[in-house]
>>> print(open('work31.txt').read())   # compact mmCIF, C-alpha atoms
# COMPACT_ATOMS: atom_id res chain seq x y z
CA MET A 134 4.46 -9.41 17.04
CA ASN A 135 6.04 -5.94 16.95
CA LEU A 136 8.91 -7.33 14.89
CA SER A 137 6.38 -8.73 12.42
CA THR A 138 4.90 -5.25 11.96
CA ILE A 139 8.32 -3.62 11.59
CA VAL A 140 9.63 -5.94 8.88
CA GLN A 141 6.34 -5.77 6.97
CA CYS A 142 6.61 -1.97 7.00
CA LEU A 143 10.10 -2.43 5.53
CA GLY A 144 8.60 -4.45 2.67
CA GLN A 145 9.53 -7.95 3.87
CA ARG A 146 6.05 -9.45 3.92
CA ASP A 147 6.98 -13.15 4.06
CA LEU A 148 9.42 -12.65 6.92
CA GLY A 149 6.83 -10.59 8.75
CA ILE A 150 4.21 -13.31 8.39
CA ALA A 151 6.74 -15.85 9.71
CA PHE A 152 7.36 -13.73 12.81
CA GLN A 153 3.61 -13.31 13.29
CA THR A 154 3.08 -17.08 13.04
CA HIS A 155 5.63 -17.65 15.81
CA ALA A 156 3.98 -14.98 17.94
CA LEU A 157 0.54 -16.52 17.53
CA GLU A 158 1.89 -19.91 18.57
CA MET A 159 2.62 -18.30 21.95
CA LYS A 160 -0.63 -16.38 22.40
CA ARG A 161 -3.55 -14.87 20.46
CA VAL A 162 -4.08 -11.67 22.48
CA TYR A 163 -1.87 -8.57 22.30
CA THR A 164 -2.63 -5.29 24.07
CA TYR A 165 -1.61 -1.72 23.36
CA ARG A 166 -1.87 -0.09 26.78
CA ALA A 167 -3.49 3.29 27.31
CA VAL A 168 -1.13 6.10 28.29
CA THR A 169 -3.23 6.72 31.42
CA ARG A 170 -3.77 4.13 34.13
CA PRO A 171 -6.31 2.87 34.66
CA ALA A 172 -7.62 3.04 31.11
CA ARG A 173 -10.96 4.74 30.69
CA ALA A 174 -12.16 1.93 28.39
CA ARG A 175 -11.01 -1.41 27.03
CA LEU A 176 -11.72 -1.87 23.33
CA LEU A 177 -11.41 -5.39 21.95
CA ILE A 178 -10.59 -5.53 18.22
CA LEU A 179 -11.08 -8.85 16.44
CA VAL A 180 -8.45 -9.41 13.76
CA THR A 181 -7.21 -12.27 11.61
CA PRO A 182 -3.69 -13.53 10.90
CA GLY A 183 -2.27 -11.91 7.78
CA ASP A 184 -0.36 -8.94 6.48
CA LEU A 185 -0.85 -5.26 7.22
CA SER A 186 -3.67 -4.90 4.70
CA ASP A 187 -5.78 -7.69 6.22
CA ASN A 188 -6.94 -5.79 9.31
CA MET A 189 -7.95 -2.36 10.49
CA PRO A 190 -4.86 -0.45 11.73
CA LEU A 191 -6.71 1.02 14.69
CA ASP A 192 -3.51 1.35 16.72
CA CYS A 193 -2.48 4.17 14.35
CA LEU A 194 -5.62 6.12 15.25
CA LEU A 195 -5.68 5.38 18.99
CA GLU A 196 -2.03 5.96 19.88
CA HIS A 197 -1.52 8.16 22.96
CA THR A 198 -5.10 7.76 24.21
CA ASP A 199 -6.83 6.56 27.39
CA ILE A 200 -8.18 3.39 25.76
CA ASP A 201 -6.64 -0.06 26.09
CA LEU A 202 -6.69 -1.55 22.59
CA ILE A 203 -6.79 -5.35 22.80
CA PHE A 204 -6.01 -7.26 19.60
CA TYR A 205 -7.52 -10.75 19.54
CA TYR A 206 -6.35 -12.89 16.61
CA VAL A 207 -9.22 -15.21 15.75
CA THR A 208 -8.63 -18.66 14.30
CA PRO A 209 -10.12 -18.84 10.78
CA GLY A 210 -11.43 -22.19 9.59
CA ALA A 211 -11.57 -23.75 13.06
CA GLY A 212 -14.68 -25.06 14.83
CA THR A 213 -14.73 -21.80 16.74
CA PRO A 214 -12.79 -18.64 15.89
CA PHE A 215 -12.06 -18.18 19.60
CA SER A 216 -9.31 -20.61 20.59
CA GLU A 217 -8.76 -18.71 23.85
CA PRO A 218 -11.30 -17.04 26.16
CA LEU A 219 -12.10 -13.48 25.26
CA PRO A 220 -10.29 -11.03 27.57
CA GLU A 221 -12.34 -8.61 29.64
CA HIS A 222 -13.47 -5.69 27.53
CA ASP A 223 -16.00 -2.86 27.47
CA ALA A 224 -16.73 -2.83 23.72
CA VAL A 225 -15.72 -4.79 20.63
CA ILE A 226 -14.96 -3.67 17.09
CA ILE A 227 -14.48 -5.77 13.97
CA GLY A 228 -11.06 -5.11 12.42
CA ILE A 229 -11.18 -7.83 9.75
CA VAL A 230 -11.37 -6.64 6.14
CA GLU A 231 -13.99 -7.80 3.70
CA ALA A 232 -12.53 -10.47 1.40
CA ASP A 233 -13.71 -13.68 -0.21
CA ALA A 234 -11.54 -15.63 2.24
CA ASN A 235 -13.09 -13.86 5.26
CA ARG A 236 -16.77 -14.08 4.33
CA ALA A 237 -17.56 -17.28 6.24
CA LEU A 238 -15.57 -16.07 9.25
CA LEU A 239 -17.47 -12.77 9.37
CA ALA A 240 -20.77 -14.64 9.14
CA THR A 241 -19.76 -16.84 12.08
CA LEU A 242 -18.68 -13.83 14.13
CA ASP A 243 -21.99 -12.13 13.34
CA GLN A 244 -23.84 -15.03 14.92
CA LEU A 245 -21.53 -15.25 17.93
CA LEU A 246 -21.75 -11.53 18.68
CA GLU A 247 -25.47 -11.19 18.09
CA ASP A 248 -26.21 -11.38 21.82
CA SER A 249 -22.99 -9.76 23.01
CA ALA A 250 -23.27 -8.18 26.45
CA GLN A 251 -20.83 -5.51 25.30
CA PRO A 252 -21.59 -3.01 22.50
CA VAL A 253 -20.33 -3.99 19.05
CA ILE A 254 -18.91 -1.34 16.71
CA ASN A 255 -19.18 -2.22 13.01
CA ALA A 256 -21.10 -5.46 13.40
CA PRO A 257 -19.59 -8.29 11.30
CA GLY A 258 -22.68 -8.51 9.12
CA LYS A 259 -22.23 -4.88 8.03
CA ILE A 260 -18.64 -5.32 6.80
CA ALA A 261 -19.94 -6.79 3.51
CA ALA A 262 -20.95 -3.26 2.49
CA THR A 263 -17.28 -2.41 1.91
CA GLU A 264 -16.80 -5.03 -0.84
CA ARG A 265 -16.20 -3.10 -4.06
CA GLY A 266 -19.06 -4.61 -6.02
CA VAL A 267 -21.50 -4.43 -3.12
CA ALA A 268 -20.56 -0.82 -2.36
CA SER A 269 -20.94 0.28 -5.98
CA ALA A 270 -24.41 -1.30 -6.16
CA LEU A 271 -25.43 0.00 -2.75
CA LEU A 272 -24.55 3.60 -3.55
CA GLN A 273 -25.99 3.85 -7.06
CA ASN A 274 -28.31 6.83 -7.53
CA ALA A 275 -27.42 8.39 -4.19
CA PRO A 276 -27.90 12.17 -4.38
CA GLY A 277 -24.78 14.07 -5.40
CA LEU A 278 -22.69 10.90 -5.50
CA LEU A 279 -20.94 9.21 -8.42
CA ILE A 280 -19.59 5.67 -8.10
CA PRO A 281 -19.02 3.63 -11.28
CA GLN A 282 -20.38 0.10 -11.09
CA THR A 283 -17.71 -2.40 -10.12
CA LEU A 284 -18.09 -5.75 -11.86
CA ARG A 285 -16.24 -9.05 -11.61
CA ALA A 286 -14.48 -10.22 -14.76
CA SER A 287 -12.90 -13.64 -15.12
CA ARG A 288 -9.56 -14.05 -16.83
CA GLU A 289 -11.39 -15.93 -19.59
CA ASP A 290 -13.73 -12.96 -20.12
CA LEU A 291 -10.77 -10.61 -20.41
CA GLN A 292 -8.90 -12.94 -22.73
CA SER A 293 -11.94 -13.01 -25.00
CA ILE A 294 -12.00 -9.21 -25.08
CA ALA A 295 -8.26 -9.05 -25.74
CA SER A 296 -8.49 -11.48 -28.67
CA GLY A 297 -11.47 -9.74 -30.26
CA GLY A 298 -13.76 -12.67 -29.58
CA ALA A 299 -16.14 -10.45 -27.66
CA ALA A 300 -16.63 -6.72 -27.19
CA LEU A 301 -16.37 -5.21 -23.74
CA SER A 302 -19.90 -3.80 -24.01
CA GLU A 303 -21.27 -7.24 -24.93
CA LEU A 304 -19.91 -8.92 -21.80
CA PHE A 305 -20.43 -5.97 -19.48
CA GLU A 306 -23.44 -3.89 -20.42
CA GLY A 307 -22.86 -0.17 -20.27
CA CYS A 308 -19.06 -0.46 -20.08
CA ASP A 309 -16.67 0.99 -22.60
CA PHE A 310 -12.99 1.85 -22.61
CA PRO A 311 -11.19 3.26 -20.76
CA VAL A 312 -11.70 1.02 -17.73
CA ILE A 313 -9.68 0.19 -14.67
CA LEU A 314 -8.75 -3.34 -13.70
CA ARG A 315 -7.40 -4.87 -10.51
CA PRO A 316 -7.23 -8.44 -9.20
CA VAL A 317 -9.92 -9.35 -6.68
CA GLY A 318 -8.35 -9.36 -3.22
CA SER A 319 -5.55 -6.92 -4.07
CA HIS A 320 -4.82 -3.88 -1.91
CA GLY A 321 -2.71 -0.76 -2.08
CA GLY A 322 -3.02 -0.39 -5.84
CA HIS A 323 -1.29 -3.70 -6.62
CA GLY A 324 -2.29 -4.72 -10.13
CA LEU A 325 -4.44 -1.61 -10.57
CA GLU A 326 -4.17 -0.20 -14.10
CA LYS A 327 -6.12 1.98 -16.51
CA ILE A 328 -6.87 0.07 -19.72
CA ASP A 329 -7.56 2.07 -22.88
CA GLY A 330 -8.46 -0.69 -25.35
CA PRO A 331 -8.55 -4.44 -26.12
CA GLU A 332 -4.85 -4.57 -27.01
CA ALA A 333 -3.99 -3.20 -23.58
CA VAL A 334 -6.01 -5.99 -21.95
CA ALA A 335 -3.66 -8.59 -23.43
CA GLY A 336 -0.62 -6.79 -22.08
CA TYR A 337 -2.25 -6.46 -18.66
CA LEU A 338 -3.00 -10.18 -18.44
CA GLY A 339 0.60 -10.91 -19.34
CA ARG A 340 1.82 -8.82 -16.39
CA VAL A 341 -0.76 -9.49 -13.69
CA ASP A 342 -1.71 -12.81 -12.12
CA GLY A 343 -5.19 -13.66 -10.95
CA GLY A 344 -8.28 -15.53 -12.03
CA VAL A 345 -10.91 -12.88 -11.26
CA PHE A 346 -10.64 -9.10 -11.58
CA PHE A 347 -12.62 -6.05 -10.61
CA LEU A 348 -13.58 -3.95 -13.64
CA SER A 349 -15.09 -0.48 -13.59
CA ARG A 350 -15.42 2.55 -15.81
CA PHE A 351 -12.57 5.06 -15.57
CA VAL A 352 -13.64 8.57 -14.61
CA ASP A 353 -11.27 11.43 -15.36
CA TYR A 354 -11.38 13.45 -12.15
CA SER A 355 -8.59 15.90 -12.98
CA ARG A 356 -9.28 19.56 -12.33
CA GLU A 357 -8.77 22.58 -14.59
CA ASP A 358 -5.01 22.58 -13.89
CA GLY A 359 -4.69 18.94 -15.00
CA LEU A 360 -3.90 17.68 -11.49
CA PHE A 361 -5.74 14.94 -9.61
CA ARG A 362 -6.84 15.29 -5.99
CA LYS A 363 -7.80 12.32 -3.85
CA ILE A 364 -9.41 12.94 -0.49
CA ARG A 365 -9.71 10.60 2.48
CA VAL A 366 -12.66 11.18 4.81
CA ALA A 367 -13.56 9.31 8.00
CA LEU A 368 -17.24 8.95 8.86
CA ILE A 369 -17.74 8.36 12.58
CA ASP A 370 -21.33 7.84 13.69
CA GLY A 371 -22.32 9.75 10.57
CA GLU A 372 -20.07 12.77 11.11
CA PRO A 373 -17.36 13.45 8.48
CA PHE A 374 -13.74 14.29 9.30
CA ALA A 375 -10.83 15.19 7.03
CA CYS A 376 -7.92 12.73 7.04
CA HIS A 377 -5.83 13.94 4.11
CA MET A 378 -5.83 15.21 0.54
CA ALA A 379 -3.17 14.10 -1.93
CA VAL A 380 -2.43 16.09 -5.10
CA SER A 381 -0.73 14.40 -8.05
CA THR A 382 -0.14 14.47 -11.79
CA ASN A 383 -1.10 10.76 -11.82
CA TRP A 384 -4.69 9.52 -11.61
CA MET A 385 -3.64 6.59 -9.40
CA ILE A 386 -2.81 8.41 -6.19
CA HIS A 387 -1.27 7.09 -3.01
CA TYR A 388 -0.30 9.69 -0.47
CA VAL A 389 3.30 8.48 -0.32
CA ASN A 390 3.79 8.78 -4.11
CA ALA A 391 1.99 12.09 -4.62
CA ASP A 392 5.02 14.30 -3.89
CA MET A 393 3.34 15.63 -0.75
CA TYR A 394 6.63 15.26 1.11
CA THR A 395 8.64 17.15 -1.49
CA ASN A 396 6.20 19.77 -2.81
CA ALA A 397 5.44 22.59 -0.38
CA ASP A 398 2.73 24.07 -2.64
CA ARG A 399 0.75 20.83 -2.50
CA ARG A 400 1.03 20.77 1.28
CA LEU A 401 -0.31 24.33 1.37
CA GLU A 402 -3.26 23.22 -0.75
CA GLU A 403 -3.93 20.30 1.57
CA ALA A 404 -3.73 22.63 4.58
CA ALA A 405 -6.27 24.98 2.98
CA PHE A 406 -8.59 22.05 2.19
CA MET A 407 -8.46 20.75 5.75
CA ALA A 408 -8.99 24.22 7.22
CA ASP A 409 -12.08 24.66 5.02
CA PHE A 410 -13.32 21.09 5.38
CA ASP A 411 -16.66 22.18 6.83
CA ALA A 412 -17.52 23.74 3.47
CA PHE A 413 -16.61 20.49 1.68
CA ALA A 414 -18.75 18.49 4.11
CA GLU A 415 -21.68 20.85 3.59
CA ARG A 416 -21.39 20.66 -0.23
CA HIS A 417 -21.55 16.88 -0.06
CA ARG A 418 -23.83 16.52 2.93
CA ASP A 419 -26.43 14.42 1.11
CA ALA A 420 -23.85 12.10 -0.47
CA LEU A 421 -22.03 11.54 2.83
CA ALA A 422 -25.32 10.93 4.63
CA ALA A 423 -26.30 8.35 1.99
CA ILE A 424 -23.06 6.43 2.58
CA CYS A 425 -23.76 6.24 6.31
CA GLU A 426 -27.41 5.32 5.90
CA ARG A 427 -26.89 2.67 3.23
CA THR A 428 -23.82 0.96 4.72
CA GLU A 429 -25.04 1.19 8.35
CA LEU A 430 -21.40 1.25 9.48
CA ASP A 431 -20.48 3.09 12.67
CA TYR A 432 -16.98 3.85 11.39
CA VAL A 433 -15.97 3.87 7.74
CA CYS A 434 -13.51 5.77 5.57
CA ILE A 435 -13.93 6.84 1.97
CA ASP A 436 -11.42 7.72 -0.71
CA CYS A 437 -13.06 10.23 -2.98
CA ALA A 438 -12.69 13.28 -5.22
CA GLU A 439 -14.79 16.17 -6.44
CA THR A 440 -15.72 16.11 -10.12
CA LEU A 441 -15.80 19.23 -12.25
CA ASP A 442 -19.59 19.21 -12.15
CA GLY A 443 -19.66 19.04 -8.35
CA GLU A 444 -20.39 15.39 -7.65
CA LEU A 445 -18.60 13.37 -4.99
CA LEU A 446 -16.73 10.62 -6.87
CA ILE A 447 -16.23 7.55 -4.67
CA PHE A 448 -13.24 5.28 -5.30
CA GLU A 449 -13.54 3.03 -2.30
CA ILE A 450 -15.19 2.70 1.10
CA ASP A 451 -13.54 0.69 3.84
CA HIS A 452 -13.32 0.51 7.61
CA ALA A 453 -9.66 -0.57 7.40
CA MET A 454 -8.04 2.43 5.69
CA VAL A 455 -4.99 3.88 7.42
CA VAL A 456 -5.74 7.01 9.43
CA HIS A 457 -2.80 8.32 11.43
CA ALA A 458 -0.99 11.33 12.88
CA MET A 459 2.56 10.13 12.19
CA ASP A 460 3.58 12.68 9.55
CA PRO A 461 6.38 14.94 10.86
CA GLU A 462 4.89 18.04 12.45
CA GLU A 463 7.61 20.34 11.15
CA MET A 464 6.60 19.43 7.58
CA PHE A 465 2.85 19.10 8.19
CA PRO A 466 2.15 21.60 11.01
CA TYR A 467 -1.54 21.75 10.09
CA LYS A 468 -2.33 18.05 10.43
CA GLN A 469 -2.22 17.42 14.15
CA VAL A 470 -5.29 19.51 14.93
CA HIS A 471 -7.36 17.64 12.35
CA MET A 472 -6.09 14.22 13.35
CA ARG A 473 -6.97 15.08 16.94
CA LYS A 474 -10.54 15.73 15.79
CA VAL A 475 -10.70 12.26 14.22
CA ARG A 476 -9.17 10.59 17.25
CA ASP A 477 -11.43 12.42 19.70
CA ALA A 478 -14.52 11.60 17.66
CA PHE A 479 -13.63 7.91 17.65
CA ARG A 480 -12.87 7.97 21.40
CA ASN A 481 -16.21 9.66 22.04
CA ALA A 482 -17.97 7.02 19.95
CA VAL A 483 -16.43 4.33 22.15
CA PHE A 484 -17.23 6.18 25.40
CA ASN A 485 -20.82 6.87 24.29
CA ARG A 486 -21.37 3.14 23.92
CA VAL A 487 -19.46 2.05 27.00
CA GLU A 488 -20.76 4.68 29.39
CA GLY A 489 -24.29 4.72 28.04
CA GLU A 490 -24.55 8.49 27.71
CA ASP A 491 -23.63 11.19 25.24
CA VAL A 492 -20.11 12.38 26.03
CA ASN A 493 -17.89 14.77 24.15
CA VAL A 494 -14.36 15.02 25.47
CA SER A 495 -11.11 16.18 23.98
CA VAL A 496 -7.95 15.66 26.00
CA ASP A 497 -4.39 16.10 24.75
CA LEU A 498 -2.64 13.03 26.14
CA SER A 499 0.57 13.35 24.14
CA ALA A 500 2.40 14.96 27.08
CA THR A 501 1.84 11.87 29.20
CA VAL A 502 3.79 9.59 26.86
>>> encode(input="work31.txt", output="structure tokens")
Amino acid sequence: MNLSTIVQCLGQRDLGIAFQTHALEMKRVYTYRAVTRPARARLLILVTPGDLSDNMPLDCLLEHTDIDLIFYYVTPGAGTPFSEPLPEHDAVIIGIVEADANRALLATLDQLLEDSAQPVINAPGKIAATERGVASALLQNAPGLLIPQTLRASREDLQSIASGGAALSELFEGCDFPVILRPVGSHGGHGLEKIDGPEAVAGYLGRVDGGVFFLSRFVDYSREDGLFRKIRVALIDGEPFACHMAVSTNWMIHYVNADMYTNADRRLEEAAFMADFDAFAERHRDALAAICERTELDYVCIDCAETLDGELLIFEIDHAMVVHAMDPEEMFPYKQVHMRKVRDAFRNAVFNRVEGEDVNVSVDLSATV
């Protein structure tokens, strides 16, 4: 199973899935042990076979902690998703991403866990709120929040627009170019492009496979200096925490392609943002509260930006975004303290449920590794 993760991180998805398949033929349960023994809590995470984008990477957030993290790979499409007995655990969290292929599975898990004797974090029935179209509808008109409507467009619809047979605004009321397109089910920016006109739609369809696409209005979120800034925030039991801020000349930002590793000035800006995060959270208090209230998720991350007129622009909400403390400390000396805040808040959320009382602990366990 570890080898599957390693080769997928190296870009060899098919080989990684093959290793995972062999691992799951041997057993369905894999445990990341706490660094202290005995563990203070045992958290069961339900996941599904697939690549790195198909499940919540909770091991990145809970490394070096006092929680046993138990991965149980459910069996999709079977009579029961549990082909083996559930291991002993103190709480359970749903790690499976929202996707068309997972919808029936999540519905089944919602029924099975309805009367769970152990607390459930992010109940399966709540995961639907992270679907792009659902999220965009759910968060419309929230105070201080901007999220363009995300619509589903068939390849036939797009071909009609490309050929001039129909106008974009005729098929999708209120939409006009530029828009962004991506295949339904894609992750990590695969197939995501900004489209400026009908002629660009034809070129896009020639490059990108898929029968159904997400379509939404493009919002220029560049600042006065022409740079784009994308912020990742974790919301844990309603409280916001800074995860990172990437600065780029490109509107489509991923942290690894935003020159954060090569540009010291951008790291300084990120450090200043994280140090002053309380002010950001206060500016967008109503918008962040609306996300928590409307999604009803215990743990969710958002990718967002601030517009020039002060609104919180939401790109995506998801419980399965990567949150980690693996960046080299000599290059990012400011990050560890903020990642510890996220990790401690998540640990406390688990302990509050398991121990039945309000706890607030922060322990540096790195020295025990």
>>> residues_around(input="work31.txt", residues="Ala375 of chain A", least_positions_apart="2", cutoff="9 Å", atoms="only C-alpha atoms", output="ChimeraX atom specification")
/A:364-367,373,377-378,406-407,410,471-472,474-475
>>> closest_residue(input="work31.txt", among="A:Leu157, A:Leu360, A:Ile328, A:Leu185", to="Gln141 of chain A", atoms="all atoms listed in the file")
A:Leu185
>>> atom_distance(input="work31.txt", atom1="atom CA of Phe361 of chain A", atom2="atom CA of Gln273 of chain A")
23.2 Å
>>> residues_around(input="work31.txt", residues="Ala211 of chain A", least_positions_apart="3", cutoff="12 Å", atoms="all atoms listed in the file", output="list in words")
Val207, Thr208, Pro214, Phe215, Ser216, Ala237, Leu238 and Thr241 of chain A
>>> residues_around(input="work31.txt", residues="Arg476 of chain A", least_positions_apart="5", cutoff="9 Å", atoms="all atoms listed in the file", output="list in words")
Leu194, Leu195, Glu196, Thr198, His457, His471, Asn481 and Ser495 of chain A
>>> residues_around(input="work31.txt", residues="segment 249-254 of chain A", least_positions_apart="5", cutoff="8 Å", atoms="all atoms listed in the file", output="MDAnalysis selection string")
chainID A and resid 222:227 431:432 486:487
>>> atom_distance(input="work31.txt", atom1="atom CA of Glu488 of chain A", atom2="atom CA of Leu177 of chain A")
15.6 Å
>>> residues_around(input="work31.txt", residues="Ile203 of chain A", least_positions_apart="3", cutoff="6 Å", atoms="all atoms listed in the file", output="compact mmCIF listing (two decimals) with C-alpha atoms, in the frame of the given file")
# COMPACT_ATOMS: atom_id res chain seq x y z
CA TYR A 163 -1.87 -8.57 22.30
CA THR A 164 -2.63 -5.29 24.07
CA LEU A 177 -11.41 -5.39 21.95
CA ILE A 178 -10.59 -5.53 18.22
>>> closest_residue(input="work31.txt", among="A:Leu136, A:Ile260, A:Val345, A:Ile150", to="Leu284 of chain A", atoms="only C-alpha atoms")
A:Val345
>>> axis_aligned_box(input="work31.txt", around="segment 317-327 of chain A", padding_each_side="4 Å", output="lines of an AutoDock Vina configuration file")
center_x = -5.6
center_y = -3.7
center_z = -9.2
size_x = 16.6
size_y = 19.3
size_z = 22.6
>>> closest_residue(input="work31.txt", among="A:Arg315, A:His452, A:Lys259, A:Arg427", to="Leu271 of chain A", atoms="all atoms listed in the file")
A:Arg427
>>> residues_near_point(input="work31.txt", point="(6.7, 22.1, 6.4)", cutoff="10 Å", atoms="only C-alpha atoms", output="JSON, numbers by chain")
{"A": [394, 395, 396, 397, 400, 401, 461, 462, 463, 464, 465, 466, 467]}
>>> write_last_selection(input="work31.txt", atoms="C-alpha atoms", output="CSV table (one decimal), in the frame of the given file")
chain,number,residue,atom,x,y,z
A,394,TYR,CA,6.6,15.3,1.1
A,395,THR,CA,8.6,17.2,-1.5
A,396,ASN,CA,6.2,19.8,-2.8
A,397,ALA,CA,5.4,22.6,-0.4
A,400,ARG,CA,1.0,20.8,1.3
A,401,LEU,CA,-0.3,24.3,1.4
A,461,PRO,CA,6.4,14.9,10.9
A,462,GLU,CA,4.9,18.0,12.4
A,463,GLU,CA,7.6,20.3,11.2
A,464,MET,CA,6.6,19.4,7.6
A,465,PHE,CA,2.8,19.1,8.2
A,466,PRO,CA,2.2,21.6,11.0
A,467,TYR,CA,-1.5,21.8,10.1
>>> closest_residue(input="work31.txt", among="A:Phe346, A:Phe310, A:Trp384, A:Phe351", to="Pro331 of chain A", atoms="only C-alpha atoms")
A:Phe310
>>> closest_residue(input="work31.txt", among="A:Lys363, A:Val456, A:Asn235, A:Phe413", to="Cys437 of chain A", atoms="only C-alpha atoms")
A:Lys363
>>> closest_residue(input="work31.txt", among="A:Ser302, A:Ser349, A:Gln282, A:Ser137", to="Leu314 of chain A", atoms="all atoms listed in the file")
A:Ser349
>>> atom_distance(input="work31.txt", atom1="atom CA of Ile450 of chain A", atom2="atom CA of Tyr206 of chain A")
23.7 Å
